[in-house]
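*Asks:* Got a structure for you, questions after.
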Amino acid sequence: MGAPMAHTDLLTRECIQLDLQAATREDVFAALADALALQDASLRARREEVLAALRERERLGSTASQKVAIPHVKLPGLARVSLVLAISKRGVDFRAPDGELVHVFFSLVRPVESADRHLALLRWIAEIAQHRDFVPFACQARTPQEILDLLAELSPA
């Protein structure tokens with residue numbers, strides 16, 4: 001067994017959308033499902049299932065707080081975790097309990113079996129999301145590489 005994979009290794013430049021044009025929560029779900037399907041070939045034929053799962057997850061309780069949302073779901077039959085990040089410069093009403101518009105969306109789909117890794121990944125995202133500089137810097141990023149650098153910089157050692 002090699003060294004554990006860093007959470008930042010799950011994100012590539014292709015997984016980062018710098019100018020999400022979604023105006024509504026439903027638009028966000030569709031954009032995230034599209035991005036996840038593009039990123040992982042095993043999700044392409046399951047886009048509608050991913051979309052329905054994301055909607056259902058948010059129906060159970062908002063994943064939004066402090067201008068960041070983390071819609072995440074598990075699906076049977078997946079081989080790996082897929083993660084995408086999208087930035088809305090103008091913000092979207094995602095029904096966050098704090099009433100804030102959401103500017104950064106991390107969305108992940110994971111295999112049913114990977115609970116421990118999934119929880120560690122969610123903790124990592126939550127820690128980064130709570131950093132006071134994260135959302136303003138993410139919204140100013142001009143390239144996906146700038147987002148990757150920001151995530152690496154803010155990642156706990």
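A note on labels: chains of the structure tokens are A, B, ... as shown, every chain counts residues from 1, and ligands are counted from 1 in their shown order.
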Residues near Val112 of chain A, anyone? I mean within 7 Å using only C-alpha atoms, not counting same-chain ones fewer than 4 positions away, as a ChimeraX atom specification.

*Replies:* /A:74-76

*Asks:* Only N, CA and C atoms, please: the residues just picked out, written as a PDB file, in the first residue's frame.

*Replies:*
ATOM      1  N   LYS A  74     -24.004   9.188  -2.034  1.00  0.00           N
ATOM      2  CA  LYS A  74     -23.360   7.903  -2.297  1.00  0.00           C
ATOM      3  C   LYS A  74     -24.252   7.118  -3.246  1.00  0.00           C
ATOM      4  N   LEU A  75     -23.606   6.402  -4.150  1.00  0.00           N
ATOM      5  CA  LEU A  75     -24.331   5.586  -5.123  1.00  0.00           C
ATOM      6  C   LEU A  75     -23.709   4.195  -5.160  1.00  0.00           C
ATOM      7  N   PRO A  76     -24.542   3.178  -5.307  1.00  0.00           N
ATOM      8  CA  PRO A  76     -23.993   1.823  -5.427  1.00  0.00           C
ATOM      9  C   PRO A  76     -23.286   1.638  -6.770  1.00  0.00           C
TER      10      PRO A  76
END

*Asks:* Could you build a table of the residues in segment 44-90 of chain A lying no more than 12 Å from segment 7-26 of chain A, giving for each the nearest pair of atoms and their separation in Å rounded to one decimal place, using only C-alpha atoms, ordered by chain and ascending residue number, as a tab-separated table?

*Replies:*
residue	atom	partner	partner_atom	distance
A:Leu51	CA	A:Glu26	CA	9.5
A:Ala52	CA	A:Glu26	CA	10.8
A:Leu54	CA	A:Glu26	CA	10.0
A:Arg55	CA	A:Glu26	CA	8.2
A:Glu56	CA	A:Glu26	CA	11.8
A:Glu58	CA	A:Arg25	CA	9.9
A:Arg59	CA	A:Arg25	CA	11.5
A:Ser62	CA	A:Arg25	CA	11.2
A:Ala64	CA	A:Arg25	CA	11.2
A:Ala69	CA	A:Arg25	CA	10.9
A:Pro71	CA	A:Arg25	CA	11.2
A:Arg80	CA	A:Leu10	CA	9.8
A:Val81	CA	A:Leu10	CA	7.8
A:Ser82	CA	A:Leu10	CA	7.0
A:Leu83	CA	A:Leu10	CA	6.3
A:Val84	CA	A:Cys15	CA	4.8
A:Leu85	CA	A:Ile16	CA	4.9
A:Ala86	CA	A:Gln17	CA	4.5
A:Ile87	CA	A:Leu18	CA	5.1
A:Ser88	CA	A:Leu20	CA	4.8
A:Lys89	CA	A:Asp19	CA	6.7
A:Arg90	CA	A:Gln21	CA	8.7

*Asks:* Per DSSP on the backbone, filter segment 5-109 of chain A down to the residues in strand (DSSP E) and report them as JSON, numbers by chain.

*Replies:* {"A": [16, 17, 64, 65, 68, 69, 72, 73, 74, 75, 82, 83, 84, 85, 86, 87, 88, 89, 90, 91, 92, 102, 103, 104, 105, 106, 107, 108, 109]}

*Asks:* Restricted to N, CA and C atoms, what would the selected residues look like written as a short mmCIF file (atom, residue, chain, number, x, y, z; two decimals), in the first residue's frame?

*Replies:*
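That gives us out23.cif:
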data_model
loop_
_atom_site.label_atom_id
_atom_site.label_comp_id
_atom_site.auth_asym_id
_atom_site.auth_seq_id
_atom_site.Cartn_x
_atom_site.Cartn_y
_atom_site.Cartn_z
N ILE A 16 -12.91 21.84 -12.02
CA ILE A 16 -13.18 23.14 -11.40
C ILE A 16 -13.84 24.07 -12.41
N GLN A 17 -14.99 24.59 -12.03
CA GLN A 17 -15.75 25.51 -12.87
C GLN A 17 -15.67 26.89 -12.20
N ALA A 64 -25.39 23.81 3.03
CA ALA A 64 -24.81 25.15 2.83
C ALA A 64 -24.58 25.86 4.16
N SER A 65 -23.44 26.55 4.23
CA SER A 65 -23.11 27.35 5.41
C SER A 65 -21.94 28.26 5.05
N VAL A 68 -20.66 28.50 1.41
CA VAL A 68 -20.17 27.28 0.77
C VAL A 68 -21.23 26.20 0.94
N ALA A 69 -21.45 25.41 -0.12
CA ALA A 69 -22.35 24.25 -0.02
C ALA A 69 -21.57 23.01 -0.45
N HIS A 72 -23.46 16.23 -1.33
CA HIS A 72 -22.71 14.97 -1.46
C HIS A 72 -23.65 13.79 -1.35
N VAL A 73 -23.38 12.76 -2.15
CA VAL A 73 -24.24 11.58 -2.18
C VAL A 73 -23.40 10.32 -2.37
N LYS A 74 -24.00 9.19 -2.03
CA LYS A 74 -23.36 7.90 -2.30
C LYS A 74 -24.25 7.12 -3.25
N LEU A 75 -23.61 6.40 -4.15
CA LEU A 75 -24.33 5.59 -5.12
C LEU A 75 -23.71 4.20 -5.16
N SER A 82 -15.85 10.87 -6.84
CA SER A 82 -15.74 11.94 -7.83
C SER A 82 -16.08 13.25 -7.13
N LEU A 83 -15.26 14.26 -7.39
CA LEU A 83 -15.41 15.55 -6.73
C LEU A 83 -15.31 16.65 -7.76
N VAL A 84 -16.21 17.63 -7.68
CA VAL A 84 -16.14 18.81 -8.52
C VAL A 84 -16.31 20.05 -7.63
N LEU A 85 -15.81 21.17 -8.13
CA LEU A 85 -15.92 22.43 -7.42
C LEU A 85 -16.40 23.48 -8.42
N ALA A 86 -17.41 24.24 -8.03
CA ALA A 86 -17.93 25.29 -8.92
C ALA A 86 -18.06 26.59 -8.12
N ILE A 87 -17.75 27.69 -8.79
CA ILE A 87 -17.78 29.00 -8.15
C ILE A 87 -18.80 29.89 -8.85
N SER A 88 -19.69 30.46 -8.05
CA SER A 88 -20.67 31.42 -8.54
C SER A 88 -20.28 32.79 -8.00
N LYS A 89 -19.81 33.65 -8.86
CA LYS A 89 -19.36 34.96 -8.40
C LYS A 89 -20.52 35.78 -7.83
N ARG A 90 -21.71 35.63 -8.42
CA ARG A 90 -22.84 36.44 -7.92
C ARG A 90 -23.55 35.77 -6.76
N GLY A 91 -23.35 34.47 -6.58
CA GLY A 91 -23.99 33.77 -5.46
C GLY A 91 -25.37 33.25 -5.84
N VAL A 92 -25.75 32.16 -5.18
CA VAL A 92 -27.05 31.51 -5.44
C VAL A 92 -27.74 31.27 -4.10
N VAL A 102 -24.77 31.32 -1.60
CA VAL A 102 -23.64 30.40 -1.72
C VAL A 102 -22.83 30.77 -2.95
N HIS A 103 -21.51 30.85 -2.76
CA HIS A 103 -20.59 31.21 -3.84
C HIS A 103 -19.71 30.03 -4.29
N VAL A 104 -19.48 29.07 -3.39
CA VAL A 104 -18.61 27.95 -3.72
C VAL A 104 -19.36 26.65 -3.44
N PHE A 105 -19.37 25.78 -4.44
CA PHE A 105 -20.02 24.47 -4.33
C PHE A 105 -18.98 23.38 -4.51
N PHE A 106 -18.84 22.53 -3.51
CA PHE A 106 -18.08 21.29 -3.64
C PHE A 106 -19.15 20.21 -3.76
N SER A 107 -19.08 19.38 -4.77
CA SER A 107 -20.04 18.29 -4.85
C SER A 107 -19.30 16.99 -5.05
N LEU A 108 -19.71 15.98 -4.31
CA LEU A 108 -19.05 14.70 -4.48
C LEU A 108 -20.04 13.57 -4.49
N VAL A 109 -19.65 12.56 -5.26
CA VAL A 109 -20.39 11.30 -5.35
C VAL A 109 -19.40 10.22 -4.97
#

*Asks:* Can you pull out every residue within 10 Å of segment 148-150 of chain A, counting only C-alpha atoms, but drop anything in the same chain fewer than 2 positions away, and send it as a ChimeraX atom specification?

*Replies:* /A:8-9,11-13,16,128,133-134,137-138,141,143-146,152-155

*Asks:* The selected residues should be written to file as an mmCIF file, in the first residue's frame (atoms: N, CA and C atoms).

*Replies:*
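Contents of result.cif, as written:
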data_model
loop_
_atom_site.group_PDB
_atom_site.id
_atom_site.type_symbol
_atom_site.label_atom_id
_atom_site.label_comp_id
_atom_site.auth_asym_id
_atom_site.auth_seq_id
_atom_site.Cartn_x
_atom_site.Cartn_y
_atom_site.Cartn_z
ATOM 1 N N THR A 8 -6.588 16.800 -2.154
ATOM 2 C CA THR A 8 -6.438 17.685 -3.313
ATOM 3 C C THR A 8 -6.223 16.875 -4.595
ATOM 4 N N ASP A 9 -5.752 15.633 -4.476
ATOM 5 C CA ASP A 9 -5.551 14.795 -5.662
ATOM 6 C C ASP A 9 -6.863 14.423 -6.344
ATOM 7 N N LEU A 11 -9.161 16.526 -7.065
ATOM 8 C CA LEU A 11 -9.548 17.642 -7.925
ATOM 9 C C LEU A 11 -8.472 17.902 -8.964
ATOM 10 N N THR A 12 -8.892 17.974 -10.204
ATOM 11 C CA THR A 12 -7.994 18.383 -11.284
ATOM 12 C C THR A 12 -8.539 19.695 -11.845
ATOM 13 N N ARG A 13 -7.773 20.334 -12.681
ATOM 14 C CA ARG A 13 -8.240 21.588 -13.293
ATOM 15 C C ARG A 13 -9.568 21.383 -14.015
ATOM 16 N N ILE A 16 -12.908 21.841 -12.024
ATOM 17 C CA ILE A 16 -13.177 23.142 -11.400
ATOM 18 C C ILE A 16 -13.841 24.070 -12.407
ATOM 19 N N ILE A 128 -11.559 23.855 5.189
ATOM 20 C CA ILE A 128 -11.159 24.860 4.202
ATOM 21 C C ILE A 128 -12.259 25.906 4.036
ATOM 22 N N ASP A 133 -10.437 33.445 4.486
ATOM 23 C CA ASP A 133 -9.972 33.888 3.171
ATOM 24 C C ASP A 133 -10.471 33.020 2.017
ATOM 25 N N PHE A 134 -11.042 31.853 2.330
ATOM 26 C CA PHE A 134 -11.330 30.909 1.250
ATOM 27 C C PHE A 134 -12.307 31.454 0.209
ATOM 28 N N PHE A 137 -11.057 34.599 -1.827
ATOM 29 C CA PHE A 137 -9.960 34.249 -2.734
ATOM 30 C C PHE A 137 -10.453 33.339 -3.860
ATOM 31 N N ALA A 138 -11.317 32.391 -3.540
ATOM 32 C CA ALA A 138 -11.848 31.486 -4.567
ATOM 33 C C ALA A 138 -12.609 32.283 -5.630
ATOM 34 N N ALA A 141 -10.272 33.950 -8.133
ATOM 35 C CA ALA A 141 -9.380 33.100 -8.936
ATOM 36 C C ALA A 141 -9.678 33.269 -10.417
ATOM 37 N N THR A 143 -7.901 31.213 -12.720
ATOM 38 C CA THR A 143 -7.624 29.929 -13.368
ATOM 39 C C THR A 143 -7.910 28.796 -12.380
ATOM 40 N N PRO A 144 -8.236 27.611 -12.885
ATOM 41 C CA PRO A 144 -8.409 26.464 -11.989
ATOM 42 C C PRO A 144 -7.149 26.187 -11.157
ATOM 43 N N GLN A 145 -5.973 26.449 -11.725
ATOM 44 C CA GLN A 145 -4.739 26.209 -10.977
ATOM 45 C C GLN A 145 -4.683 27.094 -9.725
ATOM 46 N N GLU A 146 -5.201 28.308 -9.813
ATOM 47 C CA GLU A 146 -5.219 29.185 -8.640
ATOM 48 C C GLU A 146 -6.085 28.586 -7.531
ATOM 49 N N ALA A 152 -4.459 23.777 -1.617
ATOM 50 C CA ALA A 152 -3.221 23.202 -1.058
ATOM 51 C C ALA A 152 -2.718 24.083 0.084
ATOM 52 N N GLU A 153 -2.772 25.389 -0.117
ATOM 53 C CA GLU A 153 -2.270 26.319 0.892
ATOM 54 C C GLU A 153 -3.105 26.261 2.177
ATOM 55 N N LEU A 154 -4.427 26.115 2.028
ATOM 56 C CA LEU A 154 -5.316 26.126 3.195
ATOM 57 C C LEU A 154 -5.490 24.745 3.823
ATOM 58 N N SER A 155 -4.996 23.715 3.163
ATOM 59 C CA SER A 155 -5.153 22.360 3.702
ATOM 60 C C SER A 155 -4.354 22.202 4.990
#

*Asks:* Return the single residue from A:Ile70, A:Ala41, A:Ala79, A:Leu60 that is closest to Phe29 of chain A, with distances computed using only C-alpha atoms.

*Replies:*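 Of the candidates, the smallest distance to Phe29 of chain A is held by A:Ile70.
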